Amino acid sequence: MSASNESTTGTATAETTKEVDALRKVARELLESGAVKMVIGYGEGYTQGKVMPIFLTDPEEVNRLIFDKRCVNNLATYLKKPEIRAMGKVAIVVKGCDARAINVLLLENQARRENLVILGMVCEGVGDPAEEKCLSCLVNTPPVYDHLFGEKIPARGWNEETFAKVEELDAMSPEERWEFWRRHFDRCIKCYACRQVCPICTCTRCITDKNQPQWVPTSPHPMGNYHWNLTRAFHLAGRCVSCNECERACPVDIPLSIINLALVKAVHDQYGFIAGMNSEDSPPLATYKEGEEQEFIK
Amino acid sequence: MAEFHPKIYAFLCNWCTYAGADLAGTSRMLYPADFRVIKVPCTGRIDPEFIVKAFEQGADGIWVSGCHIGDCHYNTGNYYAQRRWTIFRHELDCLGIDLRRLKFTWISAAEGRKFADEAKEFVNRIRDLGPYERFHEIIPAEPELALKTGGGN
Amino acid sequence: MAISIHANNFQTLFDSARDAGYRVIAPVRDHTVTLFKPVEKADQIVLDEILPTKSPKEYFLAEHEPILTYCRDKSGKVSIADPSLEEVMQPTLIFGVRPCDAAGPEIIRKVMTWDCDDQFFLRRREASVVVAIACVEADDACFCTSVGQAPDGTEGADILLVPSSDETGAVQEYLVQPVTDKGSEFIKATKGWKEGNPSRAAACDEVKEKLQKRFDPDRVREWLDAGFDDPYWNTATLSCIGCGTCTYLCPTCHCFDIVDEGDLTCGSRVKNWDSCQMCQFTLHASGHNPRATQNERFRQRIMHKFKYYPQLFGVVLCTGCGRCQRSCPVDLALAKLVERIYQLACEPVGT
Amino acid sequence: MLAREAATWPGVVYSVDYRYLCSEPGQNIIKDAIREHRLTGVVIAACSPKMHETTFRRAVTSVGLNPFLCECANIREQCSWVHEEKDIATPKAVDLTRMMVEKVRHNHPLEAIKVPLTKRALVIGAGVTGIQAALDIADGGHEVILVERSPSIGGHMAQLSETFPTLDCSQCILTPKMVEVVEHLNIRLHAYSEVEEVSGTVGNFRVRIRKKPRYVDPDLCTSCGDCATACPVTAPNEHDMGMKSRKAIDIPFPQAVPAIYTLDPDTCLGLFPLACDKCRQACVPKAINYDMKPQYVVEEVGAVVVAIGYDLYPMEKLGEYGYDKYVDVIDGLFFERLLSASGPTTGEVRRPSDHRIPKEVVFIQCAGSREPERHKRYCSKICCMYTAKQAMLYQHKVPDGQAYVFYIDVRAGGRDYEEFYHRALEEGVIYVRGKVSRVYQENGKIVVRGVDTIIGSPVEVSADLVVLATAMEPAAGSDKLLSTLKLGATQDGWVREVHPKLRPVESVTQGFYLAGCAQGPKDIPESVAQGGAAASKILALFSSDELTRDPTIARVNELTCIGCFSCRSVCAYSAIERIEIRDKDGDLIREVARVNEGLCQGCGPCAAICPSNSIDIEGITEEQVYAQIMAF
């Protein structure tokens, strides 16, 4: 089965890289041998020039798998879908950033390693022009995989650009920062696309949907929007892997990456922690070191 | 400003700071009245939602206080609280909240004097800062106002 | 007698409209997106895009509005009041609306006047003048013609402007078609209009050429009548992540939620946009959810738009604006799915 | 005024102003109101809940209202007593009361949690501390399982010569207690055994104990010693710090308890007859069995005493004092054996190298203690006193000998301790205030060089023997044990207590008590006192037939819990359990967290970290906090 869109994307695309050929070969083996129930990967999209997630169960369809600069989506987010979880063992195509998300899911008991075959793609960056997240990628080679496609390459790593926007914001006065966010949050329509697309937002009952008590107002008024965006980011503190899907999915382009990065930076500065680099290190807010003292507490 | 009585919430841990406040009371140490105490078992129990909600109720300042590091009645609660606040403060700062309106202290059951002093310091600080208008602006208008303009039909 | 208007006169139009007591709403740039917002200057407005990011739906069906407020006085007496409708009643010029967006509220009106009249919606409708601009361009997400709309359709518009492009292809002048009496009244009451045709012929034949019908809604409905349990649904929408984007941007989606906000002394009962794509939308207090999976929720969306709504009101709940495709983070294009359903409907039985 | 205003609040049906509510008539007002108006909640706006909450809760319970439906609004200690400005103090009292009323409206009845209780105790470690604890509990009429990892009980105290400040013989006061242990009917001793695993919770632990094979049947062995005589293998004797030798099959020391010989497989020629077999042939009662395997016993207990003691900081790590180079640099315990009448030299002070009697002995204090950069940051507490003792005893035994003590400070806190130190001075022990900078050998002497920081000039002593007062450190392997028991440790690895001042012998995990040097350096009296304290805590615990616990604990909403177990990592009491939810075919659907009522203390970090707020804390639920916030 597939997203039955043969009409648009039934056939293999003309020229493919040897990585993609290798990927298709492995996918075929996995499906034929029954090692996995399904392969989650990228295929040609409905819209000309776009890609979309595809879900293969038929070995004959593996030629629909593609991987190129357009593959921005973080497919790890499908691992939280009950429909996918119900499949049992699946194979999933991931870039480094997506693999970091899988590490977080494993760490938080939201995915079972034995139920995953991770098809890691060495990634030199996606998007055209390149996505911002790719300019300081920590994991051009996925930190976790079962099959790796492409030669391992060194990570670009964080650089002065990485937190430029955060520093820009830091340079402002609190008043300016307040106005900055008010302007952006006023556009928020509470569609929760940021939450839905996030591979790490794994709660089945989001706190904003808890109404006894209703901590986060559901209304898209300025207060509700401010509260929601504040809470969303905080719940991802020390967990966000900067895949930036939230910002990409946001229909009104709220620069969510800035808040996320600010917290990524804070967590790293304070506790030297970076989420998703492995699936062992305990999350920074779920641990502590003896003798830690903060000067802001008198 | 002198006549301005700010709205301040104080979240105090049961074992240290709340007891410290009681001690300040039994020793009759005077301090300004402009805050209301909510008792929690441990600072570790304080969900950042409490703080945001307090601002949404129109707080001009919020004070959180618990046991000194190492003295937590539950051993480690305040360690986790401290980490949570550290990151939470960063976020609030990033989102333009005026951090002067948030106060964190460690006050033991024996530190009645410190409690009274910190209470003075904070209330006076907030009195000087005045009402937290910037935040109040995003709070939906009090229905009374709506009623005044309200023609109904 | 033909009427036309030159882009240079939009400012005059807006000013005179304001003088006549209208607030002027038009597509403007906000950060990286285009939204319908109050405008001062005509040069702020953005008309060269296929469509603004959001439809002007919110000016008829507010994203958020109080529907009643309550207060307790010192004695403990509680008083309840309806909110002011003055703001709701405020005369509004909504300018530069594409025909598909203009048609949206007209389609929603049917449900808003069905079992009871939604005052908020109707009064806003009454108080607003919609000036639509026919399309000269379309992208491959557009499918208005497939759902009975047209690039120069007039449904829901009070006035339609048909662009006339000069040799460079740039649009400067528009042929003005009053559609409703309200529209004609508005033209009389405001300035900037010019008698006579634009210097060049105004039409959008090219784009009509391009916008071939992609499916027949009736055939689609027939298939849906029997297709509720079709295996198609198990796989077609697996990639949907259940973000509400398509419903929130859709000019015809109109579901809302009602919640109470307030404390001991006062508060309000408010109406907020909601989405059938959220798992809480149908979640029962018992914990049971009749639409437990995203597949079911997506099926509901298609069923509602192409079966239930047509059955109830004789019209498809879709104007073919294509936002659901353009803004979908996983490129799950509703039109393509319906197209596929159409193919299934057309396949001879037994293959 | 307050009472009048309160009457108008939602839910308030009765409000009254009375001067002394805690008085008999005052409480009757409350009781009558509850009966008359069938109240479902009561708020007392008066003094701090810490004053009279229990009083009022008892009162409402007496008329059938659940105690947890009664709350106190603190308008005295935290309002009327601390504010002068009436005009804002009164509104504050009103607010505080309204907030509490709102809380109570969201309270619900809670029933005390009852947990069954096994009235049997486990004591880990049979040094003087463990022995004391075991005897006290046993005398209290409860069974005790006493586990000691070495072949004999007694611990370090059995190695000591005489004890400060009384100078009475250590063994003479210890051995009677050791004997009492084996003879006590309530005590079951597992010597030469180790605790493998402890599961369960306070009141009901299951303990798995590994009994190491002695290769000697305890029931048959008459401890005649023929086996040792027959044994051809000799090895250094641990009890005498290796100064004396022992056989591969031997008994640690004459007074050892249990008095059973133990075969040391590491030094024995081989555990199969062909290799040697001499001891077995020599053993008349046929007690020796080479095929013995470790045995495992499972005991059920209700409480545990952790008395695992200490070890000395290994001298190997103190190279700067020449330990590795010169045999005549020894540690305090070694010197204790030299002084001990039952020691290798039968009490004569002879140095290891040539067994000559040392004429000049240098004692170096704080060897490894109070040296944060290189060794231990803490003070080992007992060294000052035992050094004074050893110096004194040395001069008693070698009248023409001279003892020097290099020290930083002399810490003699404790009754008769300062006096004891002064006695050492009077008896001519020379105290040099200063740290030792160098220790080296020069024509047969060990030269100890340091600076006398009092006169500010360098000092040099050529000694025949150097005794290092080495630091104490947590007993070897205690870290492993602590993690098996899930007990917290301090930065330095000592067992952590719940509260350093108010609950010194209770560990962070309920049902575990700690005593003696396991918790940090202590001298004998302190250790014994703590052993007794731990015992009395357990006797108190055992005084009722089941445990009742405060029901204000965490609860998980298993419908919304996604089993990320962040709660688990922040729980200080290991009170969060993983529960598997399976469908009718037994297939795993998902995992959720569940709170162990026996362990949870209701502190709340789990609730605060739960991303979907699926954990709540009874008594301070989200609803109750929310209600209070919204009421101001």
# chains A, B, ... in the order shown; residues from 1 in each chain; ligands from 1
>>> closest_atom_pairs(of="chain A", to="chain C", cutoff="8 Å", atoms="only C-alpha atoms", output="Markdown table")
| residue | atom | partner | partner_atom | distance |
| --- | --- | --- | --- | --- |
| A:Met1 | CA | C:Thr235 | CA | 6.9 |
| A:Ser2 | CA | C:Thr235 | CA | 6.3 |
| A:Ala3 | CA | C:Ala236 | CA | 4.5 |
| A:Ser4 | CA | C:Ala236 | CA | 6.0 |
| A:Asn5 | CA | C:Arg340 | CA | 7.5 |
| A:Ser7 | CA | C:Arg340 | CA | 7.9 |
| A:Gly45 | CA | C:Asp331 | CA | 6.3 |
| A:Tyr46 | CA | C:Asp331 | CA | 6.4 |
| A:Thr47 | CA | C:Asp331 | CA | 6.9 |
| A:Lys50 | CA | C:Asp331 | CA | 7.2 |
| A:Val51 | CA | C:Asp331 | CA | 7.2 |
| A:Met52 | CA | C:Val330 | CA | 5.5 |
| A:Pro53 | CA | C:Ser239 | CA | 6.1 |
| A:Ile54 | CA | C:Ser239 | CA | 7.1 |
| A:Phe55 | CA | C:Leu238 | CA | 7.6 |
| A:Asn73 | CA | C:Val330 | CA | 7.4 |
| A:Tyr78 | CA | C:Ile241 | CA | 7.6 |
| A:Pro82 | CA | C:Thr293 | CA | 7.5 |
| A:Glu83 | CA | C:Thr293 | CA | 7.2 |
| A:His184 | CA | C:His31 | CA | 8.0 |
| A:Ile189 | CA | C:Glu63 | CA | 7.4 |
| A:Cys191 | CA | C:Gly244 | CA | 4.9 |
| A:Tyr192 | CA | C:Cys243 | CA | 6.1 |
| A:Ala193 | CA | C:Cys243 | CA | 4.2 |
| A:Cys194 | CA | C:Cys243 | CA | 7.7 |
| A:Arg195 | CA | C:Cys243 | CA | 7.7 |
| A:Gln196 | CA | C:Cys243 | CA | 5.2 |
| A:Val197 | CA | C:Ile241 | CA | 6.2 |
| A:Asp209 | CA | C:Gln280 | CA | 7.5 |
| A:Pro217 | CA | C:Glu261 | CA | 7.8 |
| A:Thr218 | CA | C:Asn272 | CA | 7.9 |
| A:Ser219 | CA | C:Asn272 | CA | 6.0 |
| A:Pro220 | CA | C:His64 | CA | 6.3 |
| A:His221 | CA | C:His64 | CA | 6.8 |
| A:Arg248 | CA | C:Pro329 | CA | 7.3 |
| A:Ala249 | CA | C:Pro329 | CA | 5.2 |
| A:Cys250 | CA | C:Thr245 | CA | 8.0 |
| A:Pro251 | CA | C:Ser327 | CA | 6.4 |
| A:Val252 | CA | C:Val33 | CA | 6.1 |
| A:Asp253 | CA | C:Thr32 | CA | 6.6 |
>>> interface_residues(of="chain B", to="chain D", cutoff="7 Å", atoms="only C-alpha atoms", output="list in words")
Ala21, Asp22, Gly25, Thr26, Arg28, Met29, Leu30, Tyr31, Pro32, Ala33, Arg36, Val40, Pro41, Cys42, Gly44, Arg45, Ile46, Asp47, Ala54, Gln57, His73, Tyr74, Asn75, Thr76 and Gly77 of chain B
>>> interface_residues(of="chain B", to="chain A", cutoff="7 Å", atoms="only C-alpha atoms", output="list in words")
Glu49, Lys53, Tyr79, Tyr80, Arg83, Arg84, Ile87, Phe88, His90, Glu91, Asp93, Cys94, Leu95, Gly96, Ile97, Asp98, Phe104, Thr105, Trp106, Ile138 and Ile139 of chain B
>>> write_last_selection(atoms="N, CA, C and O atoms", output="compact mmCIF listing (two decimals), in the first residue's frame")
# COMPACT_ATOMS: atom_id res chain seq x y z
N GLU B 49 3.71 26.88 35.20
CA GLU B 49 2.35 27.35 34.90
C GLU B 49 1.81 28.20 36.05
O GLU B 49 1.06 29.16 35.82
N LYS B 53 0.35 31.81 35.28
CA LYS B 53 -1.05 32.08 35.61
C LYS B 53 -1.16 33.26 36.57
O LYS B 53 -2.05 34.11 36.43
N TYR B 79 16.83 21.31 44.15
CA TYR B 79 17.81 21.22 43.05
C TYR B 79 17.09 21.24 41.71
O TYR B 79 17.47 21.97 40.79
N TYR B 80 16.04 20.42 41.61
CA TYR B 80 15.29 20.39 40.34
C TYR B 80 14.61 21.73 40.10
O TYR B 80 14.62 22.27 39.00
N ARG B 83 17.05 24.20 38.72
CA ARG B 83 17.33 24.03 37.29
C ARG B 83 16.16 24.52 36.45
O ARG B 83 16.33 25.22 35.46
N ARG B 84 14.95 24.18 36.89
CA ARG B 84 13.76 24.57 36.14
C ARG B 84 13.70 26.09 36.03
O ARG B 84 13.57 26.65 34.95
N ILE B 87 16.32 27.79 33.62
CA ILE B 87 15.95 27.77 32.21
C ILE B 87 14.70 28.61 31.98
O ILE B 87 14.62 29.39 31.04
N PHE B 88 13.76 28.49 32.90
CA PHE B 88 12.50 29.25 32.74
C PHE B 88 12.79 30.74 32.72
O PHE B 88 12.25 31.47 31.88
N HIS B 90 15.49 32.20 31.75
CA HIS B 90 16.07 32.51 30.44
C HIS B 90 14.95 32.73 29.43
O HIS B 90 14.98 33.67 28.65
N GLU B 91 13.95 31.83 29.47
CA GLU B 91 12.89 31.95 28.48
C GLU B 91 12.09 33.23 28.70
O GLU B 91 11.85 34.00 27.78
N ASP B 93 12.99 35.90 30.05
CA ASP B 93 13.81 37.03 29.63
C ASP B 93 13.76 37.17 28.12
O ASP B 93 13.52 38.24 27.58
N CYS B 94 13.92 36.04 27.44
CA CYS B 94 13.90 36.04 25.98
C CYS B 94 12.56 36.55 25.46
O CYS B 94 12.49 37.24 24.45
N LEU B 95 11.50 36.25 26.19
CA LEU B 95 10.15 36.65 25.73
C LEU B 95 9.77 38.03 26.26
O LEU B 95 8.61 38.44 26.15
N GLY B 96 10.72 38.72 26.88
CA GLY B 96 10.49 40.12 27.24
C GLY B 96 9.82 40.36 28.57
O GLY B 96 9.36 41.46 28.85
N ILE B 97 9.75 39.32 29.42
CA ILE B 97 9.24 39.54 30.77
C ILE B 97 10.29 40.30 31.57
O ILE B 97 11.49 40.05 31.43
N ASP B 98 9.84 41.24 32.39
CA ASP B 98 10.76 42.03 33.21
C ASP B 98 11.16 41.20 34.44
O ASP B 98 10.37 41.02 35.37
N PHE B 104 13.48 35.12 43.56
CA PHE B 104 13.73 33.78 44.07
C PHE B 104 14.63 33.88 45.29
O PHE B 104 15.63 34.59 45.27
N THR B 105 14.25 33.20 46.36
CA THR B 105 15.11 33.19 47.55
C THR B 105 15.13 31.80 48.18
O THR B 105 14.23 31.00 47.97
N TRP B 106 16.19 31.56 48.93
CA TRP B 106 16.24 30.40 49.83
C TRP B 106 16.15 30.96 51.25
O TRP B 106 17.01 31.72 51.67
N ILE B 138 -2.09 42.60 27.80
CA ILE B 138 -2.53 41.44 27.01
C ILE B 138 -3.61 40.63 27.74
O ILE B 138 -4.12 39.66 27.22
N ILE B 139 -3.93 41.04 28.96
CA ILE B 139 -4.99 40.33 29.68
C ILE B 139 -6.34 40.82 29.16
O ILE B 139 -6.56 42.02 29.06
>>> interface_residues(of="chain C", to="chain B", cutoff="10 Å", atoms="only C-alpha atoms", output="JSON, numbers by chain")
{"C": [66, 68, 69, 70, 71, 72, 79, 80, 81, 82, 83, 84, 85, 86, 261, 262, 263, 265, 266, 267, 268]}
>>> closest_atom_pairs(of="chain D", to="chain A", cutoff="9 Å", atoms="only C-alpha atoms", output="CSV")
residue,atom,partner,partner_atom,distance
D:Thr490,CA,A:Glu290,CA,8.5
D:Gln491,CA,A:Glu290,CA,7.1
D:Thr560,CA,A:Arg205,CA,5.9
D:Cys561,CA,A:Cys203,CA,7.9
D:Ile562,CA,A:Cys203,CA,6.3
D:Gly563,CA,A:Asn109,CA,6.8
D:Cys564,CA,A:Glu108,CA,4.6
D:Phe565,CA,A:Glu108,CA,6.9
D:Ser566,CA,A:Ala286,CA,6.2
D:Cys567,CA,A:Ala286,CA,7.9
D:Arg568,CA,A:Ala286,CA,8.8
D:Ser569,CA,A:Ala286,CA,5.9
D:Val570,CA,A:Ala286,CA,5.5
D:Glu591,CA,A:Asn109,CA,8.7
D:Ile609,CA,A:Ala286,CA,7.6
D:Pro611,CA,A:His235,CA,6.3
D:Ser612,CA,A:Ile207,CA,4.9
D:Asn613,CA,A:Ile207,CA,6.4
D:Ser614,CA,A:Arg205,CA,8.9
D:Glu622,CA,A:Pro213,CA,6.8
D:Glu623,CA,A:Pro213,CA,5.6
D:Tyr626,CA,A:Pro213,CA,6.7
D:Ala627,CA,A:Pro213,CA,8.6
>>> select_by_dssp(residues="range 14-132 of chain B", states="helix (DSSP H, G or I)", output="PyMOL selection string")
chain B and resi 17-26+43-45+48-56+77-94+99-101+112-129
>>> residues_around(residues="Cys16 in chain B", least_positions_apart="2", cutoff="10 Å", atoms="only C-alpha atoms", output="list in words")
Leu12, Cys13, Asn14, Tyr18, Ala19, Gly20, Ala21, Asp22, Pro41, Cys42, Ser65, Gly66, Cys67, His68, Asp71, Cys72, His73, Trp106, Ile107, Ser108, Ala109, Ala110 and Glu111 of chain B
>>> interface_residues(of="chain C", to="chain D", cutoff="7 Å", atoms="only C-alpha atoms", output="list in words")
Ser75, Gly76, Asp263 and Leu264 of chain C
>>> write_last_selection(atoms="C-alpha atoms", output="PDB file, in the first residue's frame")
ATOM      1  CA  SER C  75     -23.075  41.405  47.620  1.00  0.00           C
ATOM      2  CA  GLY C  76     -22.605  38.210  45.648  1.00  0.00           C
ATOM      3  CA  ASP C 263     -12.315  34.020  37.871  1.00  0.00           C
ATOM      4  CA  LEU C 264     -14.460  34.444  40.989  1.00  0.00           C
TER       5      LEU C 264
END
>>> atom_distance(atom1="CA of Asp181 in chain C", atom2="CA of Phe143 in chain C")
29.2 Å
>>> residues_around(residues="Arg433 in chain D", least_positions_apart="6", cutoff="8 Å", atoms="only C-alpha atoms", output="PyMOL selection string")
chain D and resi 406-409+451-454
>>> atom_distance(atom1="CA of Gln624 in chain D", atom2="CA of Lys103 in chain D")
4.8 Å
>>> decode(residues="range 126-141 of chain C", atoms="N, CA, C and O atoms", output="mmCIF file, in the first residue's frame")
data_model
loop_
_atom_site.group_PDB
_atom_site.id
_atom_site.type_symbol
_atom_site.label_atom_id
_atom_site.label_comp_id
_atom_site.auth_asym_id
_atom_site.auth_seq_id
_atom_site.Cartn_x
_atom_site.Cartn_y
_atom_site.Cartn_z
ATOM 1 N N GLU C 126 -23.769 41.827 6.940
ATOM 2 C CA GLU C 126 -24.577 43.008 6.607
ATOM 3 C C GLU C 126 -23.698 44.251 6.511
ATOM 4 O O GLU C 126 -23.794 45.024 5.563
ATOM 5 N N ALA C 127 -22.841 44.413 7.513
ATOM 6 C CA ALA C 127 -22.121 45.672 7.650
ATOM 7 C C ALA C 127 -20.916 45.771 6.728
ATOM 8 O O ALA C 127 -20.227 46.784 6.719
ATOM 9 N N SER C 128 -20.639 44.706 5.974
ATOM 10 C CA SER C 128 -19.399 44.748 5.187
ATOM 11 C C SER C 128 -19.669 44.804 3.679
ATOM 12 O O SER C 128 -20.672 44.283 3.201
ATOM 13 N N VAL C 129 -18.778 45.484 3.003
ATOM 14 C CA VAL C 129 -18.797 45.524 1.537
ATOM 15 C C VAL C 129 -17.563 44.785 1.041
ATOM 16 O O VAL C 129 -16.443 45.106 1.447
ATOM 17 N N VAL C 130 -17.762 43.764 0.223
ATOM 18 C CA VAL C 130 -16.644 42.963 -0.263
ATOM 19 C C VAL C 130 -16.316 43.346 -1.696
ATOM 20 O O VAL C 130 -17.157 43.217 -2.589
ATOM 21 N N VAL C 131 -15.119 43.888 -1.883
ATOM 22 C CA VAL C 131 -14.671 44.207 -3.237
ATOM 23 C C VAL C 131 -13.702 43.124 -3.684
ATOM 24 O O VAL C 131 -12.590 43.008 -3.157
ATOM 25 N N ALA C 132 -14.156 42.298 -4.604
ATOM 26 C CA ALA C 132 -13.340 41.177 -5.074
ATOM 27 C C ALA C 132 -12.550 41.592 -6.306
ATOM 28 O O ALA C 132 -12.929 42.508 -7.023
ATOM 29 N N ILE C 133 -11.434 40.907 -6.517
ATOM 30 C CA ILE C 133 -10.645 41.138 -7.725
ATOM 31 C C ILE C 133 -10.455 39.805 -8.435
ATOM 32 O O ILE C 133 -9.984 38.834 -7.832
ATOM 33 N N ALA C 134 -10.871 39.759 -9.688
ATOM 34 C CA ALA C 134 -10.777 38.513 -10.452
ATOM 35 C C ALA C 134 -9.318 38.112 -10.613
ATOM 36 O O ALA C 134 -8.425 38.948 -10.589
ATOM 37 N N CYS C 135 -9.104 36.786 -10.779
ATOM 38 C CA CYS C 135 -7.737 36.273 -10.863
ATOM 39 C C CYS C 135 -7.234 36.323 -12.298
ATOM 40 O O CYS C 135 -7.965 36.037 -13.245
ATOM 41 N N VAL C 136 -5.964 36.700 -12.437
ATOM 42 C CA VAL C 136 -5.325 36.587 -13.751
ATOM 43 C C VAL C 136 -4.267 35.490 -13.716
ATOM 44 O O VAL C 136 -3.677 35.151 -14.725
ATOM 45 N N GLU C 137 -4.018 35.006 -12.492
ATOM 46 C CA GLU C 137 -3.032 33.932 -12.352
ATOM 47 C C GLU C 137 -3.604 32.825 -11.480
ATOM 48 O O GLU C 137 -4.532 33.056 -10.699
ATOM 49 N N ALA C 138 -3.026 31.625 -11.638
ATOM 50 C CA ALA C 138 -3.393 30.503 -10.763
ATOM 51 C C ALA C 138 -2.195 29.582 -10.656
ATOM 52 O O ALA C 138 -1.386 29.504 -11.586
ATOM 53 N N ASP C 139 -2.048 28.943 -9.507
ATOM 54 C CA ASP C 139 -0.979 27.933 -9.411
ATOM 55 C C ASP C 139 -1.625 26.559 -9.411
ATOM 56 O O ASP C 139 -2.856 26.443 -9.487
ATOM 57 N N ASP C 140 -0.819 25.503 -9.319
ATOM 58 C CA ASP C 140 -1.441 24.183 -9.500
ATOM 59 C C ASP C 140 -2.126 23.700 -8.225
ATOM 60 O O ASP C 140 -2.597 22.569 -8.154
ATOM 61 N N ALA C 141 -2.210 24.586 -7.220
ATOM 62 C CA ALA C 141 -3.038 24.240 -6.057
ATOM 63 C C ALA C 141 -4.475 24.719 -6.279
ATOM 64 O O ALA C 141 -5.415 24.242 -5.654
#
